[in-house]
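Encoded as structure tokens, the structure appears first; notes follow it.
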Amino acid sequence: MLAHEFASAVAALPLVSVDWVVTNPDGKLLLGQRINAPARGWWFTPGGRIRKNEALVQALQRVTREELGLAPDFCGQLLGKARLMGAWDHFYPDSAFSPSVSTHYVNLPHWLPLSWAEVALFKLPMGEQTQWLAMAAAGRCGQKPARACLCSALCDLVSRPCKTPSARMNASFSG
């Protein structure tokens, strides 16, 4: 799709995306800092848009390879462990194309609890733009409502006490 066609689609339609809500055995959440609009500078779970004619499973595998740097054969193993967390609306006042054109994502986050052996297979540079963060801290990271909502939902999912603000799984939030 040409850039101007995609810009028109972003202006008129919601985008569908998938996220990997990855946790390590210590209960820390994998976050990456966005470098592009919308939500530039915010910390998010790894994810990406679902492409036209791309099945959900294919999108999850592609995002796993592209965002997490994992080998294709390992991606399939992870799908069996993943758990759909629900569906969220993400609303942003800007887009990748314009500060005045809003973006609406319908996001399908998948929780992926990893073992230490699985964590060792990740080829991500940890540091300024990627980090493991305790869920309570992730909920406050940058004071962005996305993190509090995600962390609260994840805590509910794994039936653990959570210190982040309460939020419903299908809650909408604005950037």
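Going through the structure tokens in order, the chains are called A, B, and so on, while each chain numbers its residues from 1 and the ligands are numbered from 1 in the order shown.
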
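Within the 6 Å cut-off around stretch 5-21 of chain A, using only C-alpha atoms and omitting residues fewer than 6 positions from it on the same chain, the listed residues are Thr45, Pro46, Gly47, Gly48, Arg49, Ile50, His104, Tyr105, Val106, Asn107, Leu108, Pro109, His110, Trp111 and Leu112 of chain A.
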
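Separating atom CA of A:Val119 from atom CA of A:Asn24 is a distance of 6.9 Å.
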
*Might you pull out every residue within 9 Å of A:Asp94, with only C-alpha atoms counted and same-chain residues fewer than 6 positions away left off, and present them as an MDAnalysis selection string?*
chainID A and resid 37:39 100:103 175

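Minimum distance to A:Leu79 across A:Met1, A:Leu114, A:Val57, A:Ala96 (counting only C-alpha atoms) occurs at A:Val57.
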
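Using only C-alpha atoms, the nearest neighbour of A:Ala120 within the list A:Ala55, A:Pro93, A:Leu60, A:Leu70 is A:Leu70.
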
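Atom CA of A:Gln33 lies 26.1 Å from atom CA of A:His4.
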
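Nearest residue to A:Leu133 among A:Val22, A:Ala3, A:Ala117, A:Leu78 is A:Val22, counting only C-alpha atoms.
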
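You will find atom CA of A:Gln61 at 7.0 Å from atom CA of A:Gly76.
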
*From a DSSP calculation on the backbone, collect every residue of stretch 23-154 of chain A in strand (DSSP E or B) and output the set as an NGL selection string.*
:A and (23 or 28-33 or 43-44 or 47-49 or 83-84 or 88-92 or 103-113 or 130-134)

*asked:* If DSSP is run on the backbone, what residues of stretch 9-67 of chain A are helix (DSSP H, G or I)? A reply as a ChimeraX atom specification would be ideal.
replied: /A:9-12,56-67
